[in-house]
Amino acid sequence: MSVSYIPEWIKLCLWGKAAGCCQYDGCGQPLYRDQVTKAEFNSAYIAHVIADQPKGPRGHPTLSISLQRDITNLMLLCDAHHRLVDKVDVEGHPVERLLEMKDKHERRIASLVSIDASRQSHVLLYGAKIGQHDSHLSWQKAAAAMVPDRYPAQSTAFEIGLKGSVFQDREPSYWGIETEQLRRQFDALVKPQFAAGNIAHLSVFALAPIPLLVELGRLLSDLPDAAVFQLHREPSDWKWRSEPKDFEYRLHRTREASGQIVALVLALSADIVPERIEGVLGTEAAIWTLSHAAPGNDFLQSSVQLRAFRASLRNAFNEIKAIHGEAAELHVFPAMPVSAAVEVGRVWMPKADLPFVVYDQNRANGGFSRALEIR
């Protein structure tokens with residue numbers, strides 16, 4: 001507990017550097033508002049990293065006196081973490097650890113406030129049940145993934161999706177119900193905001209069965225300025241990583257055929273053998289495959305890879321139409337990351353591209369089954 005006097009202007013400067021939030025690593029609790037009642041009042045504690053008395057927590061014979069009022073030696077903490085560092089676990093919180101927390105917090109705040117207004121982006125969260133599991137998305141994780149390139153335009157997200165649905169994606173009725181729900185919520189919540197000019201940029205975080213993500217992309221289209229994010233497995237977050245070297249997508253004709261039934265296999269997360277396509281379309285369908293050297297669950301690490309996928313898919317749509325004609329029946333079989341699935345719908349051009357049927361892989365249904373049509 002501090003016993004020395006700290007001038008008001010130093011307290012105000014510390015509040016500014018901390019943005020009024022607890023500086024303990026991983027906390028960030030606002031210290032100007034009660035978390036339960038939302039009543040606004042000052043609940044902050046100003047703690048000394050090196051105690052203001054030699055016998056205090058982390059005290060020092062000379063530095064305790066000289067740094068009593070030094071802002072570099074002060075931290076803004078909530079009640080719980082103030083007690084933790086000064087009473088409960090002093091040994092577990094040496095000077096170096098606390099200074100690292102303080103520096104990390106203040107650098108993060110500084111980077112956020114340095115972003116100009118043009119970097120504002122509204123957050124769109126879309127979730128739907130995958131198998132037996134509901135999707136769990138949060139504004140907090142989305143916001144963490146956006147900075148420093150973008151930052152949230154408001155403290156809430158556009159949230160769409162049928163939460164707590166009792167329908168399963170193995171049921172034929174599931175696709176109609178979920179698709180209609182998605183379209184209605186998008187038209188009611190998101191579309192009017194675009195029309196009114198209230199959204200300059202949209203950051204999209206979506207976790208749902210692949211066909212529904214394609215439909216979400218179709219609703220977004222390629223017109224609004226939007227960035228689609230990818231959920232990574234290890235570590236589990238949405239933040240883009242660095243670009244892999246020597247990465248490229250490859251489009252090739254797995255099987256040529258003269259008919260008008262065409263399969264486009266998007267084998268990005270796993271290989272899809274022709275026999276699985278034949279089980280759905282028969283042996284006379286032409287098969288095109290868009291893939292890369294090492295399909296896998298967590299291959300998509302960079303937004304650059306996602307942009308390259310958009311270009312490769314655009315080329316695939318054009319080539320298939322040029323070779324098989326305007327009357328071709330296009331069937332899309334995806335094994336791909338969620339962000340790439342959204343981009344399928346965004347890349348597709350309703351006036352120029354062939355309509356297509358998108359399939360869902362589900363073991364409960366014995367493999368690929370028809371989910372919905374994009375037209």
# chains A, B, ... in the order shown; residues from 1 in each chain; ligands from 1

call {"tool": "residues_around", "arguments": {"residues": "region 182-195 of chain A", "least_positions_apart": "6", "cutoff": "9 Å", "atoms": "only C-alpha atoms", "output": "compact mmCIF listing (two decimals) with C-alpha atoms, in the first residue's frame"}}
result
# COMPACT_ATOMS: atom_id res chain seq x y z
CA LEU A 124 -19.44 -9.09 -38.20
CA TYR A 126 -21.57 -15.26 -37.95
CA PHE A 158 -23.18 -7.38 -35.84
CA GLU A 159 -24.06 -10.88 -34.64
CA ILE A 160 -26.02 -13.16 -36.95
CA GLY A 161 -26.75 -16.87 -36.78
CA LEU A 162 -29.26 -19.25 -35.26
CA LEU A 212 -23.46 -21.52 -45.25
CA GLU A 215 -23.82 -18.13 -48.86
CA LEU A 216 -22.55 -15.49 -46.41
CA LEU A 219 -24.55 -11.90 -49.45
CA LEU A 220 -21.47 -9.78 -48.79
CA PRO A 224 -18.22 -3.75 -49.76

call {"tool": "residues_around", "arguments": {"residues": "Pro355 (chain A)", "least_positions_apart": "4", "cutoff": "12 Å", "atoms": "only C-alpha atoms", "output": "list in words"}}
result
Arg218, Val262, Phe317, Ile320, Lys321, Glu326, Ala327, Ala328, Glu329, Leu330, His331, Val332, Gly345, Trp348, Met349, Pro350, Lys351, Leu372, Glu373, Ile374 and Arg375 of chain A

call {"tool": "write_last_selection", "arguments": {"atoms": "N, CA and C atoms", "output": "CSV table (one decimal), in the first residue's frame"}}
result
chain,number,residue,atom,x,y,z
A,218,ARG,N,-21.7,-14.7,-50.6
A,218,ARG,CA,-22.6,-14.3,-51.7
A,218,ARG,C,-23.3,-13.0,-51.2
A,262,VAL,N,-20.0,-30.6,-64.5
A,262,VAL,CA,-18.6,-30.3,-64.1
A,262,VAL,C,-18.5,-30.2,-62.6
A,317,PHE,N,-13.2,-20.3,-62.2
A,317,PHE,CA,-14.6,-20.0,-62.7
A,317,PHE,C,-14.6,-19.6,-64.2
A,320,ILE,N,-13.5,-22.8,-66.5
A,320,ILE,CA,-14.6,-23.8,-66.6
A,320,ILE,C,-15.7,-23.3,-67.5
A,321,LYS,N,-16.1,-22.0,-67.4
A,321,LYS,CA,-17.1,-21.5,-68.3
A,321,LYS,C,-16.7,-21.4,-69.7
A,326,GLU,N,-21.9,-22.0,-71.4
A,326,GLU,CA,-22.9,-21.3,-70.5
A,326,GLU,C,-23.9,-22.2,-69.9
A,327,ALA,N,-24.1,-23.4,-70.5
A,327,ALA,CA,-25.2,-24.3,-70.0
A,327,ALA,C,-24.6,-25.4,-69.1
A,328,ALA,N,-23.3,-25.3,-68.7
A,328,ALA,CA,-22.7,-26.3,-67.9
A,328,ALA,C,-23.4,-26.3,-66.5
A,329,GLU,N,-23.4,-27.5,-65.9
A,329,GLU,CA,-23.9,-27.6,-64.5
A,329,GLU,C,-22.7,-27.7,-63.6
A,330,LEU,N,-22.5,-26.8,-62.8
A,330,LEU,CA,-21.3,-26.7,-61.9
A,330,LEU,C,-21.6,-27.2,-60.5
A,331,HIS,N,-20.8,-28.1,-60.0
A,331,HIS,CA,-20.9,-28.7,-58.7
A,331,HIS,C,-19.6,-28.5,-57.9
A,332,VAL,N,-19.7,-27.8,-56.7
A,332,VAL,CA,-18.5,-27.5,-56.0
A,332,VAL,C,-18.4,-28.4,-54.7
A,345,GLY,N,-18.0,-17.3,-52.0
A,345,GLY,CA,-19.2,-16.6,-52.3
A,345,GLY,C,-19.0,-15.1,-52.7
A,348,TRP,N,-17.6,-15.1,-56.5
A,348,TRP,CA,-18.6,-15.5,-57.5
A,348,TRP,C,-19.4,-14.2,-58.0
A,349,MET,N,-19.5,-14.1,-59.3
A,349,MET,CA,-20.2,-12.9,-59.9
A,349,MET,C,-21.5,-13.4,-60.5
A,350,PRO,N,-22.7,-12.9,-59.9
A,350,PRO,CA,-24.0,-13.5,-60.4
A,350,PRO,C,-24.3,-13.3,-61.8
A,351,LYS,N,-23.8,-12.2,-62.4
A,351,LYS,CA,-24.1,-11.9,-63.8
A,351,LYS,C,-23.1,-12.5,-64.8
A,372,LEU,N,-26.8,-26.6,-50.8
A,372,LEU,CA,-27.6,-25.5,-51.4
A,372,LEU,C,-27.1,-25.0,-52.7
A,373,GLU,N,-27.8,-24.2,-53.4
A,373,GLU,CA,-27.5,-23.8,-54.7
A,373,GLU,C,-27.2,-22.3,-54.6
A,374,ILE,N,-26.1,-21.9,-55.3
A,374,ILE,CA,-25.8,-20.4,-55.4
A,374,ILE,C,-26.1,-20.0,-56.8
A,375,ARG,N,-27.1,-19.1,-56.9
A,375,ARG,CA,-27.5,-18.6,-58.2
A,375,ARG,C,-28.0,-17.2,-58.1

call {"tool": "select_by_dssp", "arguments": {"residues": "region 47-233 of chain A", "states": "strand (DSSP E)", "output": "ChimeraX atom specification"}}
result
/A:47-48,74-77,120-127,151-152,158-160,202-207,226-228

call {"tool": "write_last_selection", "arguments": {"atoms": "N, CA and C atoms", "output": "mmCIF file, in the first residue's frame"}}
result
data_model
loop_
_atom_site.group_PDB
_atom_site.id
_atom_site.type_symbol
_atom_site.label_atom_id
_atom_site.label_comp_id
_atom_site.auth_asym_id
_atom_site.auth_seq_id
_atom_site.Cartn_x
_atom_site.Cartn_y
_atom_site.Cartn_z
ATOM 1 N N ALA A 47 -0.346 1.440 -7.917
ATOM 2 C CA ALA A 47 0.630 0.612 -7.211
ATOM 3 C C ALA A 47 2.046 0.983 -7.626
ATOM 4 N N HIS A 48 2.971 0.854 -6.692
ATOM 5 C CA HIS A 48 4.384 1.067 -6.978
ATOM 6 C C HIS A 48 5.022 -0.262 -7.391
ATOM 7 N N LEU A 74 5.039 3.385 -11.606
ATOM 8 C CA LEU A 74 3.649 3.303 -11.157
ATOM 9 C C LEU A 74 2.808 2.481 -12.131
ATOM 10 N N MET A 75 1.874 1.702 -11.579
ATOM 11 C CA MET A 75 0.958 0.903 -12.391
ATOM 12 C C MET A 75 -0.478 1.149 -11.939
ATOM 13 N N LEU A 76 -1.386 1.128 -12.888
ATOM 14 C CA LEU A 76 -2.814 1.221 -12.589
ATOM 15 C C LEU A 76 -3.357 -0.206 -12.502
ATOM 16 N N LEU A 77 -3.926 -0.571 -11.356
ATOM 17 C CA LEU A 77 -4.371 -1.947 -11.135
ATOM 18 C C LEU A 77 -5.779 -1.983 -10.558
ATOM 19 N N GLN A 120 -11.015 2.437 -38.964
ATOM 20 C CA GLN A 120 -12.151 1.864 -38.255
ATOM 21 C C GLN A 120 -12.795 0.759 -39.085
ATOM 22 N N SER A 121 -13.235 -0.283 -38.419
ATOM 23 C CA SER A 121 -13.901 -1.387 -39.103
ATOM 24 C C SER A 121 -14.982 -1.956 -38.196
ATOM 25 N N HIS A 122 -16.164 -2.182 -38.771
ATOM 26 C CA HIS A 122 -17.237 -2.826 -38.022
ATOM 27 C C HIS A 122 -17.007 -4.336 -38.018
ATOM 28 N N VAL A 123 -17.375 -4.975 -36.935
ATOM 29 C CA VAL A 123 -17.157 -6.412 -36.758
ATOM 30 C C VAL A 123 -18.442 -7.171 -37.060
ATOM 31 N N LEU A 124 -18.323 -8.185 -37.902
ATOM 32 C CA LEU A 124 -19.437 -9.086 -38.196
ATOM 33 C C LEU A 124 -19.085 -10.476 -37.683
ATOM 34 N N LEU A 125 -19.913 -11.007 -36.790
ATOM 35 C CA LEU A 125 -19.745 -12.361 -36.284
ATOM 36 C C LEU A 125 -20.889 -13.227 -36.808
ATOM 37 N N TYR A 126 -20.536 -14.321 -37.478
ATOM 38 C CA TYR A 126 -21.565 -15.259 -37.945
ATOM 39 C C TYR A 126 -21.220 -16.660 -37.481
ATOM 40 N N GLY A 127 -22.135 -17.277 -36.760
ATOM 41 C CA GLY A 127 -21.900 -18.631 -36.272
ATOM 42 C C GLY A 127 -23.101 -19.519 -36.488
ATOM 43 N N TYR A 151 -9.101 -1.260 -36.240
ATOM 44 C CA TYR A 151 -9.618 -1.356 -34.886
ATOM 45 C C TYR A 151 -11.133 -1.211 -34.936
ATOM 46 N N PRO A 152 -11.849 -1.781 -33.968
ATOM 47 C CA PRO A 152 -13.313 -1.809 -34.027
ATOM 48 C C PRO A 152 -13.925 -0.414 -34.030
ATOM 49 N N PHE A 158 -21.992 -6.855 -35.190
ATOM 50 C CA PHE A 158 -23.176 -7.378 -35.837
ATOM 51 C C PHE A 158 -23.127 -8.897 -35.657
ATOM 52 N N GLU A 159 -24.049 -9.440 -34.903
ATOM 53 C CA GLU A 159 -24.062 -10.875 -34.643
ATOM 54 C C GLU A 159 -25.253 -11.507 -35.350
ATOM 55 N N ILE A 160 -24.957 -12.450 -36.246
ATOM 56 C CA ILE A 160 -26.015 -13.164 -36.945
ATOM 57 C C ILE A 160 -25.779 -14.659 -36.810
ATOM 58 N N LEU A 202 -15.718 -3.666 -43.205
ATOM 59 C CA LEU A 202 -16.278 -4.747 -42.395
ATOM 60 C C LEU A 202 -15.217 -5.808 -42.165
ATOM 61 N N SER A 203 -15.057 -6.240 -40.911
ATOM 62 C CA SER A 203 -14.164 -7.354 -40.569
ATOM 63 C C SER A 203 -15.034 -8.558 -40.244
ATOM 64 N N VAL A 204 -14.842 -9.636 -40.986
ATOM 65 C CA VAL A 204 -15.742 -10.783 -40.938
ATOM 66 C C VAL A 204 -15.081 -11.952 -40.201
ATOM 67 N N PHE A 205 -15.780 -12.456 -39.172
ATOM 68 C CA PHE A 205 -15.336 -13.616 -38.403
ATOM 69 C C PHE A 205 -16.477 -14.620 -38.428
ATOM 70 N N ALA A 206 -16.275 -15.736 -39.112
ATOM 71 C CA ALA A 206 -17.370 -16.676 -39.339
ATOM 72 C C ALA A 206 -16.923 -18.097 -39.065
ATOM 73 N N LEU A 207 -17.801 -18.851 -38.408
ATOM 74 C CA LEU A 207 -17.531 -20.250 -38.088
ATOM 75 C C LEU A 207 -18.829 -21.017 -38.237
ATOM 76 N N ALA A 226 -14.238 -5.266 -47.294
ATOM 77 C CA ALA A 226 -14.297 -6.207 -46.171
ATOM 78 C C ALA A 226 -13.017 -7.020 -46.087
ATOM 79 N N ALA A 227 -12.712 -7.464 -44.879
ATOM 80 C CA ALA A 227 -11.586 -8.364 -44.629
ATOM 81 C C ALA A 227 -12.123 -9.584 -43.904
ATOM 82 N N VAL A 228 -11.794 -10.764 -44.416
ATOM 83 C CA VAL A 228 -12.254 -12.015 -43.829
ATOM 84 C C VAL A 228 -11.103 -12.637 -43.051
#

call {"tool": "select_by_dssp", "arguments": {"residues": "region 234-297 of chain A", "states": "helix (DSSP H, G or I)", "output": "list in words"}}
result
Pro274, Glu275, Arg276, Ile277, Glu278, Gly279, Val280 and Leu281 of chain A

call {"tool": "closest_residue", "arguments": {"among": "A:Arg108, A:Arg150, A:Arg370, A:His324", "to": "Leu354 (chain A)", "atoms": "only C-alpha atoms"}}
result
A:His324

call {"tool": "residues_around", "arguments": {"residues": "His292 (chain A)", "least_positions_apart": "2", "cutoff": "8 Å", "atoms": "only C-alpha atoms", "output": "list in words"}}
result
Phe247, Glu248, Tyr249, Arg250, Ala267, Leu268, Leu290, Ala294 and Pro295 of chain A
